[in-house]
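K.L.:
Okay, here's the structure, questions in a sec.
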Amino acid sequence: MAEQPLSGLTPKLLDTPERWIKVVIQEFDLFLKDHASCEKKASGMAMSMASHYPDRPRLLNAMIDLAVEELNHYREVVRILIGRDQQPGPDTKDHYVLELNKLVRKGKEYFLLDRLLIAALVERRGAERFRIISEHVREPNLKKFYTSITQSEDRHWRLFLNLANEYFSEEEISDQFFLLASKENKIMQGLPIKPALH
């Protein structure tokens, strides 16, 4: 399918609560450890998608490229941590992502669409939160890094939506994306405020 404009397919996400950034800035080293973990998991998710769909060349190549990019982000966050005399921490369960993944419908005809749309929502939320960080950190190197990461996340959620458009109708995408977005808003609102991306 040809790519369609995304404007009609982009439901509103509720803004992150203002107190979130205050907690992140106060405990920024803890946030960085969580950020590193998220980038590593994102790379693994992309490789999982690539492994699951070797028969879809555009999806396969896009996920390989994404996995490499996310792994590069992981390396950059680790470098920032080491520069602050810190080190990556253990991976922990991401309840935000776990709750979103519970929304994937059963059935082969739904699985790919839901995975792509949930990935798009995760990247959209990431873009919003990284933008907030870029506007609040004072160190020039961190401001530059999080501005760049914001742009990457913005590109990534559009990639997932365009990949969905490759395999599904605009109506299928729009209906399910708006439904998932409304549920993402509820999940986000129910999250505890802590120095973590989600």
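All residue names refer to the structure tokens as shown: chains lettered A, B, ... in order, residues numbered from 1 in each chain, ligands numbered from 1 in order.
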Set the distance at 8 Å and use only C-alpha atoms: which residues neighbour Leu180 (chain A) once local chain neighbours fewer than 3 positions away are removed? I'd like the list as a PDB file with C-alpha atoms, in the first residue's frame.
P.N.:
```pdb
ATOM      1  CA  LEU A 103      -3.638  -5.441  24.580  1.00  0.00           C
ATOM      2  CA  LEU A 117       0.775   0.169  16.746  1.00  0.00           C
ATOM      3  CA  ILE A 118       1.874  -0.479  20.329  1.00  0.00           C
ATOM      4  CA  GLN A 176      -7.197   0.256  16.396  1.00  0.00           C
ATOM      5  CA  PHE A 177      -4.671   3.056  16.933  1.00  0.00           C
ATOM      6  CA  LYS A 183      -5.878   2.666  26.728  1.00  0.00           C
ATOM      7  CA  GLU A 184      -2.289   3.927  26.711  1.00  0.00           C
TER       8      GLU A 184
END
```
K.L.:
Enumerate, in order of chain and increasing residue number, the residues of region 20-116 of chain A with an atom no farther than 10 Å from region 166-173 of chain A, each with its shortest atom pair and distance in Å to one decimal, counting only C-alpha atoms, as a tab-separated table.
P.N.:
```
residue	atom	partner	partner_atom	distance
A:Arg56	CA	A:Tyr167	CA	9.7
A:Arg58	CA	A:Glu166	CA	8.8
A:Leu59	CA	A:Glu166	CA	9.0
A:Glu109	CA	A:Phe168	CA	9.9
A:Tyr110	CA	A:Glu172	CA	9.9
A:Leu112	CA	A:Tyr167	CA	9.0
A:Leu113	CA	A:Phe168	CA	7.4
A:Asp114	CA	A:Ile173	CA	9.0
A:Leu116	CA	A:Ile173	CA	9.8
```
K.L.:
Could you work out how far CA of Leu100 (chain A) lies from CA of Asn185 (chain A), giving the answer in Å with one decimal?
P.N.:
10.5 Å
K.L.:
Let me make sure I understand: among A:His52, A:Leu60, A:Arg124, A:Leu161, which one has the smallest atom-to-atom distance to Lys108 (chain A) if we use only C-alpha atoms?
P.N.:
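Ranking A:His52, A:Leu60, A:Arg124, A:Leu161 by distance to Lys108 (chain A), first place goes to A:His52.
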K.L.:
Extract, using only C-alpha atoms, all DNA, RNA and protein residues at most 9 Å from region 86-94 of chain A, discarding same-chain residues fewer than 5 positions from it, and format them as a list of chain:residue names.
P.N.:
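Answer for this query is A:Asp29, A:Leu30, A:Leu32, A:Lys33, A:Asp34, A:Ala36, A:Ser37, A:Cys38, A:Lys41, A:Val77, A:Val78, A:Arg79, A:Ile80, A:Leu81, A:Glu99, A:His198.
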K.L.:
Please list as a list in words every residue within 12 Å of Val23 (chain A), counting only C-alpha atoms and excluding residues in the same chain fewer than 5 positions away.
P.N.:
Pro17, Glu18, Phe28, Asp29, Leu30, Phe31, Ile133, His136, Pro192, Ile193, Lys194, Pro195, Ala196 and Leu197 of chain A
K.L.:
Just the number, please: distance in Å from CA of Ala164 (chain A) to CA of Ala62 (chain A), one decimal.
P.N.:
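Distance between the two atoms: 12.2 Å.
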K.L.:
Could you pull the residues within 6 Å of region 141-157 of chain A, counting only C-alpha atoms, minus those fewer than 6 positions along the same chain, as a PyMOL selection string?
P.N.:
chain A and resi 120+123-124+127+130-131+134
K.L.:
If you keep C-alpha atoms, can you produce a file of those selected residues as a PDB file, in the first residue's frame?
P.N.:
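That gives us part.pdb:
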```pdb
ATOM      1  CA  ALA A 120       4.376   3.382  17.700  1.00  0.00           C
ATOM      2  CA  GLU A 123       7.946   5.610  20.719  1.00  0.00           C
ATOM      3  CA  ARG A 124       5.506   8.533  20.744  1.00  0.00           C
ATOM      4  CA  ALA A 127       9.521  11.270  22.129  1.00  0.00           C
ATOM      5  CA  PHE A 130      12.709  12.948  25.953  1.00  0.00           C
ATOM      6  CA  ARG A 131      11.593  16.348  24.665  1.00  0.00           C
ATOM      7  CA  SER A 134      15.802  18.193  26.698  1.00  0.00           C
TER       8      SER A 134
END
```
K.L.:
Please report the interatomic distance between CA of Gly190 (chain A) and CA of Ser48 (chain A) in Å with one decimal.
P.N.:
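CA of Ser48 (chain A) lies at a distance of 27.9 Å from CA of Gly190 (chain A).
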